file upload.cif (mmCIF, C-alpha atoms)
data_model
loop_
_atom_site.label_atom_id
_atom_site.label_comp_id
_atom_site.auth_asym_id
_atom_site.auth_seq_id
_atom_site.Cartn_x
_atom_site.Cartn_y
_atom_site.Cartn_z
CA MET A 1 144.85 111.37 52.28
CA GLY A 2 143.39 109.84 55.40
CA PHE A 3 139.86 109.94 56.72
CA PHE A 4 140.35 113.08 58.83
CA GLY A 5 142.01 114.84 55.94
CA ARG A 6 139.05 114.10 53.66
CA LEU A 7 136.67 115.16 56.43
CA LYS A 8 138.56 118.44 56.83
CA ASN A 9 138.38 119.15 53.10
CA PHE A 10 134.68 118.32 53.11
CA CYS A 11 133.81 120.69 55.95
CA ILE A 12 136.43 123.46 56.03
CA PRO A 13 137.61 125.66 53.13
CA THR A 14 141.32 125.09 52.51
CA THR A 15 143.79 125.56 49.68
CA GLU A 16 143.43 121.86 48.86
CA ASN A 17 139.75 122.28 47.99
CA ALA A 18 140.21 125.78 46.55
CA TYR A 19 138.18 127.16 49.47
CA ARG A 20 135.14 125.29 48.22
CA PRO A 21 134.21 122.75 50.94
CA GLY A 22 132.25 119.75 49.79
CA VAL A 23 129.57 120.25 52.43
CA LEU A 24 128.34 123.23 50.37
CA GLY A 25 128.79 121.47 47.03
CA ARG A 26 125.95 120.60 44.70
CA GLN A 27 125.75 116.91 45.63
CA ALA A 28 125.84 117.58 49.38
CA LEU A 29 123.15 120.26 49.15
CA LEU A 30 120.94 117.97 47.07
CA PHE A 31 121.38 115.33 49.76
CA PHE A 32 120.43 117.79 52.52
CA LEU A 33 117.45 118.95 50.48
CA GLY A 34 116.34 115.32 50.11
CA VAL A 35 116.62 114.80 53.88
CA ILE A 36 114.54 117.93 54.50
CA LEU A 37 111.81 116.84 52.08
CA ALA A 38 111.81 113.30 53.48
CA ALA A 39 111.43 114.59 57.05
CA GLU A 40 108.59 116.89 56.03
CA GLY A 41 106.95 114.08 54.10
CA PHE A 42 107.23 111.84 57.16
CA LEU A 43 105.42 114.45 59.26
CA VAL A 44 102.61 114.97 56.76
CA THR A 45 102.19 111.24 56.12
CA ASN A 46 102.08 110.50 59.84
CA LEU A 47 99.41 113.12 60.48
CA VAL A 48 97.29 112.00 57.55
CA GLY A 49 97.78 108.36 58.50
CA ARG A 50 96.33 108.92 61.95
CA SER A 51 92.87 109.23 60.46
CA SER A 52 93.26 105.96 58.56
CA PHE A 53 95.34 103.90 60.99
CA GLY A 54 94.34 105.50 64.28
CA GLU A 55 93.97 102.22 66.18
CA TYR A 56 97.48 101.07 65.32
CA LEU A 57 99.04 104.43 66.18
CA ALA A 58 97.00 104.64 69.37
CA ALA A 59 98.50 101.39 70.69
CA VAL A 60 101.98 102.81 70.24
CA ILE A 61 101.00 106.12 71.83
CA GLY A 62 99.61 104.38 74.91
CA SER A 63 102.87 102.62 75.65
CA GLU A 64 104.79 105.82 75.06
CA ILE A 65 102.58 107.74 77.50
CA ILE A 66 103.40 105.16 80.17
CA LEU A 67 107.10 105.48 79.39
CA LEU A 68 106.98 109.28 79.58
CA THR A 69 104.92 109.14 82.78
CA ASN A 70 107.51 106.92 84.43
CA ALA A 71 110.25 109.27 83.24
CA GLU A 72 108.52 112.12 85.07
CA ARG A 73 108.18 109.97 88.19
CA VAL A 74 111.90 109.25 88.14
CA GLN A 75 112.53 112.99 88.22
CA ALA A 76 110.22 113.22 91.25
CA ALA A 77 111.94 110.29 93.02
CA ALA A 78 108.77 108.21 92.75
CA PRO A 79 108.84 104.50 91.85
CA ASP A 80 108.01 103.31 88.34
CA LEU A 81 104.40 102.42 87.67
CA ILE A 82 103.64 98.91 86.44
CA GLU A 83 101.24 98.61 83.52
CA ASN A 84 98.14 96.70 84.61
CA GLU A 85 95.94 94.96 82.01
CA ILE A 86 92.78 95.54 84.07
CA LEU A 87 93.47 99.26 84.30
CA ASP A 88 94.25 99.25 80.57
CA ALA A 89 90.87 97.65 79.87
CA ALA A 90 89.05 100.11 82.14
CA ALA A 91 90.79 103.08 80.54
CA GLN A 92 90.05 101.74 77.05
CA ARG A 93 86.34 101.34 77.82
CA LYS A 94 86.17 104.85 79.26
CA ALA A 95 87.99 106.29 76.21
CA GLU A 96 85.70 104.45 73.81
CA ASP A 97 82.65 105.66 75.70
CA MET A 98 83.80 109.29 75.46
CA ALA A 99 84.58 108.86 71.76
CA ALA A 100 81.25 107.19 70.99
CA ARG A 101 79.16 109.71 72.95
CA SER A 102 81.29 112.78 72.12
CA TYR A 103 81.86 114.00 75.67
CA PHE A 104 84.98 114.88 77.60
CA SER A 105 84.54 114.64 81.33
CA HIS A 106 85.53 112.63 84.38
CA VAL A 107 81.82 112.04 84.99
CA GLY A 108 79.75 110.58 82.16
CA PRO A 109 76.52 112.12 80.85
CA ASP A 110 74.63 109.50 82.87
CA GLY A 111 76.49 110.45 86.06
CA LYS A 112 78.88 107.51 85.92
CA GLN A 113 81.97 108.17 88.01
CA PRO A 114 85.45 107.29 86.71
CA TRP A 115 85.93 104.76 89.52
CA ALA A 116 82.97 102.74 88.23
CA TRP A 117 84.96 101.86 85.11
CA ILE A 118 87.78 100.52 87.28
CA SER A 119 85.53 98.56 89.62
CA GLU A 120 83.51 97.03 86.77
CA GLU A 121 86.70 95.50 85.38
CA GLY A 122 87.32 93.84 88.77
CA TYR A 123 90.16 96.07 89.96
CA ASP A 124 89.92 96.41 93.74
CA TYR A 125 91.83 99.51 94.75
CA THR A 126 92.71 101.55 97.79
CA VAL A 127 93.60 104.71 95.88
CA ALA A 128 92.98 105.62 92.26
CA GLY A 129 93.38 108.59 89.94
CA GLU A 130 92.40 109.66 86.44
CA ASN A 131 93.82 112.08 83.87
CA LEU A 132 92.11 112.83 80.56
CA ALA A 133 93.28 114.38 77.30
CA VAL A 134 91.75 115.01 73.90
CA ARG A 135 93.05 116.21 70.50
CA PHE A 136 96.84 115.98 70.35
CA VAL A 137 99.67 115.13 67.96
CA ASP A 138 102.43 113.63 70.07
CA SER A 139 102.29 111.54 73.20
CA SER A 140 104.83 113.93 74.70
CA ASP A 141 102.35 116.79 74.22
CA VAL A 142 99.80 114.97 76.37
CA VAL A 143 102.20 114.31 79.24
CA GLU A 144 103.63 117.83 79.03
CA ALA A 145 100.10 119.24 79.21
CA TRP A 146 99.41 117.22 82.36
CA MET A 147 102.75 118.17 83.89
CA ASP A 148 102.02 121.87 83.30
CA SER A 149 98.92 121.54 85.47
CA PRO A 150 99.79 121.20 89.20
CA THR A 151 96.85 118.90 89.99
CA HIS A 152 97.42 116.61 87.01
CA LYS A 153 101.12 116.57 87.78
CA ALA A 154 100.25 115.51 91.33
CA ASN A 155 98.46 112.49 89.89
CA ILE A 156 101.45 111.57 87.73
CA VAL A 157 104.11 111.82 90.43
CA LYS A 158 102.07 110.68 93.44
CA PRO A 159 104.25 107.98 95.07
CA VAL A 160 101.29 106.05 96.51
CA TYR A 161 100.29 104.84 93.06
CA GLU A 162 101.72 101.49 91.99
CA GLU A 163 100.02 100.65 88.68
CA ILE A 164 98.86 102.40 85.53
CA GLY A 165 96.59 101.82 82.56
CA VAL A 166 96.06 103.89 79.41
CA GLY A 167 93.23 103.81 76.90
CA ILE A 168 93.08 105.49 73.48
CA ALA A 169 90.03 105.90 71.24
CA GLN A 170 89.23 107.77 68.05
CA GLY A 171 86.05 109.77 67.76
CA SER A 172 84.73 113.29 67.38
CA TYR A 173 84.64 116.18 69.82
CA LYS A 174 82.92 119.52 69.22
CA GLY A 175 82.43 118.75 65.54
CA SER A 176 85.96 117.61 64.68
CA SER A 177 87.81 114.31 64.75
CA ALA A 178 89.73 113.75 67.96
CA THR A 179 91.82 111.24 69.87
CA PHE A 180 90.66 110.62 73.43
CA VAL A 181 93.20 109.57 76.08
CA VAL A 182 92.35 108.11 79.48
CA GLN A 183 95.05 107.51 82.08
CA PHE A 184 94.12 105.51 85.18
CA PHE A 185 96.34 105.16 88.24
CA GLY A 186 95.73 102.67 90.99
CA THR A 187 97.06 100.82 93.97
CA PRO A 188 95.50 97.38 94.47
CA ARG A 189 93.82 96.74 97.79
CA LYS A 190 95.95 94.89 100.27
CA VAL A 191 93.96 93.40 103.14
CA VAL A 192 95.53 94.21 106.51
CA VAL A 193 94.61 91.61 109.12
CA VAL A 194 94.65 92.88 112.71
CA SER A 195 94.89 89.87 114.97
CA SER A 196 93.66 89.79 118.54
CA PRO A 197 96.39 90.02 121.18
CA THR A 198 97.71 86.72 122.52
CA PRO A 199 96.38 86.10 126.04
CA VAL A 200 99.00 86.35 128.76
CA PRO A 201 99.06 83.23 130.96
CA PRO A 202 98.34 83.88 134.64
CA GLN A 203 101.33 84.22 136.90
CA GLU A 204 101.78 84.03 140.64
CA GLN A 205 101.93 87.83 140.95
CA PRO A 206 98.69 89.75 140.98
CA SER A 207 97.59 90.02 137.39
CA VAL A 208 96.74 93.29 135.70
CA THR A 209 93.78 93.19 133.32
CA THR A 210 94.23 95.08 130.03
CA THR A 211 91.68 95.74 127.32
CA ALA A 212 92.63 95.88 123.61
CA SER A 213 90.58 98.15 121.40
CA ALA A 214 90.73 99.29 117.79
CA THR A 215 90.55 102.94 116.99
CA VAL A 216 87.77 103.66 114.49
CA SER A 217 87.89 106.59 112.11
CA GLU A 218 85.69 107.88 109.29
CA VAL A 219 87.18 107.49 105.83
CA ALA A 220 85.15 108.51 102.73
CA GLY A 221 81.90 108.14 104.68
CA GLU A 222 82.62 104.60 105.80
CA SER A 223 83.60 103.54 109.31
CA VAL A 224 86.74 101.44 109.21
CA ALA A 225 89.32 100.32 111.70
CA ALA A 226 92.60 102.12 111.52
CA ALA A 227 95.43 99.83 110.53
CA PRO A 228 98.85 99.93 112.15
CA THR A 229 101.15 102.47 110.55
CA PRO A 230 103.13 100.58 107.92
CA ALA A 231 106.83 100.96 107.53
CA ALA A 232 107.99 103.27 104.77
CA PRO A 233 108.30 101.31 101.52
CA VAL A 234 111.71 100.77 100.05
CA PHE A 235 111.81 101.07 96.26
CA SER A 236 114.48 99.25 94.33
CA ALA A 237 116.02 100.93 91.33
CA PRO A 238 114.48 99.75 88.05
CA HIS A 239 116.57 97.50 85.84
CA PRO A 240 118.10 99.29 82.86
CA PRO A 241 116.28 98.46 79.59
CA SER A 242 117.84 95.95 77.23
CA LEU A 243 119.10 96.94 73.79
CA SER A 244 115.98 95.60 72.09
CA GLU A 245 113.73 97.50 74.53
CA SER A 246 115.70 100.69 73.94
CA LEU A 247 115.39 100.29 70.17
CA LEU A 248 111.66 99.63 70.42
CA ARG A 249 111.19 102.67 72.64
CA THR A 250 113.19 104.82 70.23
CA PHE A 251 111.13 103.57 67.29
CA ALA A 252 107.90 104.22 69.19
CA ARG A 253 109.07 107.71 70.10
CA VAL A 254 109.92 108.50 66.46
CA VAL A 255 106.56 107.21 65.19
CA THR A 256 104.41 108.81 67.86
CA GLU A 257 106.24 112.15 67.96
CA PRO A 258 106.44 113.19 64.29
CA ARG A 259 106.63 116.89 65.04
CA ALA A 260 109.55 116.54 67.43
CA THR A 261 111.37 114.11 65.15
CA THR A 262 110.92 116.35 62.12
CA ALA A 263 112.01 119.42 64.06
CA TRP A 264 115.20 117.68 65.19
CA ILE A 265 116.06 116.62 61.62
CA LEU A 266 115.34 120.00 60.08
CA GLY A 267 117.11 121.79 62.91
CA GLY A 268 120.15 119.55 62.59
CA VAL A 269 120.44 120.21 58.86
CA ALA A 270 120.01 123.96 59.38
CA VAL A 271 122.65 124.12 62.14
CA LEU A 272 125.13 122.10 60.06
CA LEU A 273 124.67 124.36 57.05
CA VAL A 274 124.91 127.57 59.12
CA LEU A 275 128.21 126.37 60.59
CA ALA A 276 129.51 125.44 57.13
CA LEU A 277 128.48 128.84 55.78
CA ALA A 278 130.19 130.61 58.65
CA LEU A 279 133.41 128.70 58.06
CA ALA A 280 133.29 129.30 54.31
CA PHE A 281 132.84 133.00 54.91
CA LEU A 282 135.31 133.55 57.74
CA VAL A 283 138.22 131.14 57.22
CA HIS A 284 139.56 132.97 54.17
CA ILE A 285 137.56 136.14 53.94
CA GLN A 286 139.43 137.36 50.85
CA VAL A 287 138.11 134.40 48.86
CA GLN A 288 134.32 134.12 48.87
CA PRO A 289 132.67 131.23 46.96
CA VAL A 290 129.53 133.23 46.27
CA ASP A 291 127.69 130.44 44.47
CA LEU A 292 128.27 128.02 47.37
CA LEU A 293 127.24 130.57 49.95
CA LEU A 294 124.08 131.42 48.04
CA ARG A 295 122.96 127.81 47.49
CA GLY A 296 123.82 126.79 51.04
CA SER A 297 121.94 129.77 52.47
CA LEU A 298 118.85 128.92 50.44
CA VAL A 299 118.76 125.32 51.74
CA ALA A 300 119.35 126.45 55.35
CA VAL A 301 116.61 129.09 55.10
CA PHE A 302 114.26 126.51 53.59
CA ALA A 303 114.82 124.18 56.58
CA LEU A 304 114.25 127.00 59.07
CA PHE A 305 111.14 128.10 57.16
CA LEU A 306 109.63 124.60 57.42
CA ILE A 307 110.36 124.51 61.16
CA ALA A 308 108.49 127.77 61.62
CA VAL A 309 105.60 126.70 59.39
CA ASN A 310 105.24 123.33 61.14
CA GLY A 311 105.22 124.94 64.56
CA GLN A 312 102.68 127.56 63.58
CA MET A 313 100.44 125.17 61.67
CA LEU A 314 100.33 122.50 64.37
CA SER A 315 99.98 124.90 67.29
CA SER A 316 96.98 126.60 65.67
CA SER A 317 95.27 123.43 64.45
CA ALA A 318 92.38 122.34 66.67
CA ASN A 319 92.38 118.91 65.02
CA TYR A 320 96.00 118.09 65.67
CA ASP A 321 97.67 120.16 68.36
CA GLN A 322 95.12 120.91 71.04
CA ALA A 323 95.74 118.64 73.98
CA ALA A 324 93.43 119.12 76.91
CA ALA A 325 93.66 117.81 80.44
CA LEU A 326 90.26 117.91 82.09
CA GLY A 327 89.38 118.91 85.60
CA ALA A 328 87.36 116.91 88.09
CA ASN A 329 84.51 119.40 87.93
CA GLY A 330 83.60 118.06 84.51
CA SER A 331 84.07 121.30 82.60
CA ASP A 332 86.36 121.58 79.62
CA GLY A 333 87.41 125.13 80.32
CA GLY A 334 90.67 126.17 81.86
CA TYR A 335 93.69 128.31 81.25
CA VAL A 336 96.00 128.18 78.26
CA THR A 337 99.71 127.53 78.64
CA GLY A 338 102.12 126.86 75.81
CA GLY A 339 99.26 126.49 73.32
CA VAL A 340 97.67 123.74 75.38
CA ILE A 341 94.32 123.90 77.16
CA ILE A 342 94.50 122.76 80.77
CA GLY A 343 91.53 122.03 82.97
CA ASP A 344 91.13 122.81 86.64
CA SER A 345 92.24 119.56 88.27
CA GLY A 346 92.79 115.86 87.89
CA ALA A 347 90.44 113.36 89.49
CA THR A 348 91.51 111.25 92.43
CA THR A 349 89.80 109.14 95.04
CA GLU A 350 90.82 107.02 98.00
CA ARG A 351 89.18 104.01 99.57
CA PHE A 352 90.70 102.27 102.57
CA THR A 353 89.58 98.85 103.76
CA VAL A 354 90.86 96.98 106.76
CA GLU A 355 89.74 93.51 107.80
CA TYR A 356 90.39 92.11 111.25
#
call {"tool": "encode", "arguments": {"input": "upload.cif", "output": "structure tokens"}}
result
Amino acid sequence: MGFFGRLKNFCIPTTENAYRPGVLGRQALLFFLGVILAAEGFLVTNLVGRSSFGEYLAAVIGSEIILLTNAERVQAAAPDLIENEILDAAAQRKAEDMAARSYFSHVGPDGKQPWAWISEEGYDYTVAGENLAVRFVDSSDVVEAWMDSPTHKANIVKPVYEEIGVGIAQGSYKGSSATFVVQFFGTPRKVVVVSSPTPVPPQEQPSVTTTASATVSEVAGESVAAAPTPAAPVFSAPHPPSLSESLLRTFARVVTEPRATTAWILGGVAVLLVLALALAFLVHIQVQPVDLLLRGSLVAVFALFLIAVNGQMLSSSANYDQAAALGANGSDGGYVTGGVIIGDSGATTERFTVEY
């Protein structure tokens, strides 16, 4: 019997297997049960491990947030953001400050603006933005929370941004342990030099005297000279990731998204068993392997039960599944969508400088 014949006997009830497919046999069900318990153990171990190995997990989460952010920008036809070490350092200092002083706001308790963190690291920008989040399980939850808020989404997909930095810190917020996330966007300042017009040499005809002047406009309270309108930028398509990069990204996604990974595994096992049960029941309805149907149903129900319990437990846990994106007004209120607290707006600022 060839491979496909053995596969058929394993999955579909036939006369050759006495209408008892191997997929519902004792060994197969024990294997599926082991996969279910391993997936659930992975989820619990990952969540518990965050309190002991938060710094290690945070580094992985930061890179995943950048990856997910760029994925959203691709959908919005915006160019990929480049990770900038200076913005990373600024975001990390801001996150550590929030964690150490137990606040969650764009503006610090001492009135420090988010842009001060960027400038202190030596990042000279023309436009910058900030998104914040606190208390979450998966990096995807943080980005989804931001994307569900129009103003935070605007920060993520704004095409004028060129670079990104993410900082992660562990601390406490409102009496419980929490992970603080800071996301900085920026575009480095590019000095535009406006040169004086080249004098026209006198000719025999009567000359016409012209006067060149620069138009001055008010931008953010500062008087600056308006630069010539630049041509629209042309963005080249990003290079596809190599095999090693794809594997690393997949590994990071599995580690930093335990709930999603566990749900996929449990759901896959449940779907496979439901299909096997349906075939065992319908292919030869006169012959019903009751013992197989009963054991298979119990394992499938157990997988579905764990999916429901995990979703309910994590969505109601303030320590693990409450991601919050904060508004620029500094309050941590907002509306609730999909079990996630969203603030009023993201913070953004612009500063234009022209030298001539």
call {"tool": "closest_residue", "arguments": {"input": "upload.cif", "among": "A:Leu67, A:Ala133, A:Ile265, A:Ile285", "to": "Gly34 in chain A", "atoms": "all atoms listed in the file"}}
result
A:Ile265
call {"tool": "resolve_selection", "arguments": {"input": "upload.cif", "expression": "the PyMOL selection byres ((chain A and resi 107-117) around 7)", "output": "list in words"}}
result
Ala90, Lys94, Ser105, His106, Ile118, Ser119, Glu120, Glu121 and Gly330 of chain A
call {"tool": "atom_distance", "arguments": {"input": "upload.cif", "atom1": "CA of Asp141 in chain A", "atom2": "CA of Thr262 in chain A"}}
result
14.8 Å
call {"tool": "closest_residue", "arguments": {"input": "upload.cif", "among": "A:Ser297, A:Thr261, A:Thr45, A:Thr151", "to": "Leu33 in chain A", "atoms": "all atoms listed in the file"}}
result
A:Ser297
call {"tool": "residues_around", "arguments": {"input": "upload.cif", "residues": "range 3-17 of chain A", "least_positions_apart": "2", "cutoff": "12 Å", "atoms": "all atoms listed in the file", "output": "PDB file with C-alpha atoms, in the coordinates of the input"}}
result
ATOM      1  CA  MET A   1     144.850 111.370  52.280  1.00  0.00           C
ATOM      2  CA  TYR A  19     138.180 127.160  49.470  1.00  0.00           C
ATOM      3  CA  ARG A  20     135.140 125.290  48.220  1.00  0.00           C
ATOM      4  CA  PRO A  21     134.210 122.750  50.940  1.00  0.00           C
ATOM      5  CA  GLY A  22     132.250 119.750  49.790  1.00  0.00           C
ATOM      6  CA  VAL A  23     129.570 120.250  52.430  1.00  0.00           C
ATOM      7  CA  LEU A  24     128.340 123.230  50.370  1.00  0.00           C
ATOM      8  CA  GLY A  25     128.790 121.470  47.030  1.00  0.00           C
ATOM      9  CA  GLN A  27     125.750 116.910  45.630  1.00  0.00           C
ATOM     10  CA  ALA A  28     125.840 117.580  49.380  1.00  0.00           C
ATOM     11  CA  LEU A 272     125.130 122.100  60.060  1.00  0.00           C
ATOM     12  CA  LEU A 273     124.670 124.360  57.050  1.00  0.00           C
ATOM     13  CA  VAL A 274     124.910 127.570  59.120  1.00  0.00           C
ATOM     14  CA  LEU A 275     128.210 126.370  60.590  1.00  0.00           C
ATOM     15  CA  ALA A 276     129.510 125.440  57.130  1.00  0.00           C
ATOM     16  CA  LEU A 277     128.480 128.840  55.780  1.00  0.00           C
ATOM     17  CA  ALA A 278     130.190 130.610  58.650  1.00  0.00           C
ATOM     18  CA  LEU A 279     133.410 128.700  58.060  1.00  0.00           C
ATOM     19  CA  ALA A 280     133.290 129.300  54.310  1.00  0.00           C
ATOM     20  CA  PHE A 281     132.840 133.000  54.910  1.00  0.00           C
ATOM     21  CA  LEU A 282     135.310 133.550  57.740  1.00  0.00           C
ATOM     22  CA  VAL A 283     138.220 131.140  57.220  1.00  0.00           C
ATOM     23  CA  HIS A 284     139.560 132.970  54.170  1.00  0.00           C
ATOM     24  CA  ILE A 285     137.560 136.140  53.940  1.00  0.00           C
ATOM     25  CA  VAL A 287     138.110 134.400  48.860  1.00  0.00           C
ATOM     26  CA  GLN A 288     134.320 134.120  48.870  1.00  0.00           C
ATOM     27  CA  PRO A 289     132.670 131.230  46.960  1.00  0.00           C
ATOM     28  CA  LEU A 292     128.270 128.020  47.370  1.00  0.00           C
ATOM     29  CA  LEU A 293     127.240 130.570  49.950  1.00  0.00           C
TER      30      LEU A 293
END
call {"tool": "closest_residue", "arguments": {"input": "upload.cif", "among": "A:Ala145, A:Pro188, A:Val35, A:Ser139", "to": "Gly268 in chain A", "atoms": "all atoms listed in the file"}}
result
A:Val35
call {"tool": "closest_residue", "arguments": {"input": "upload.cif", "among": "A:Gly165, A:Thr179, A:Phe305, A:Gln312", "to": "Ala89 in chain A", "atoms": "only C-alpha atoms"}}
result
A:Gly165
call {"tool": "atom_distance", "arguments": {"input": "upload.cif", "atom1": "CA of Val143 in chain A", "atom2": "CA of Leu37 in chain A"}}
result
28.9 Å
call {"tool": "atom_distance", "arguments": {"input": "upload.cif", "atom1": "CA of Ser177 in chain A", "atom2": "CA of Leu306 in chain A"}}
result
25.2 Å
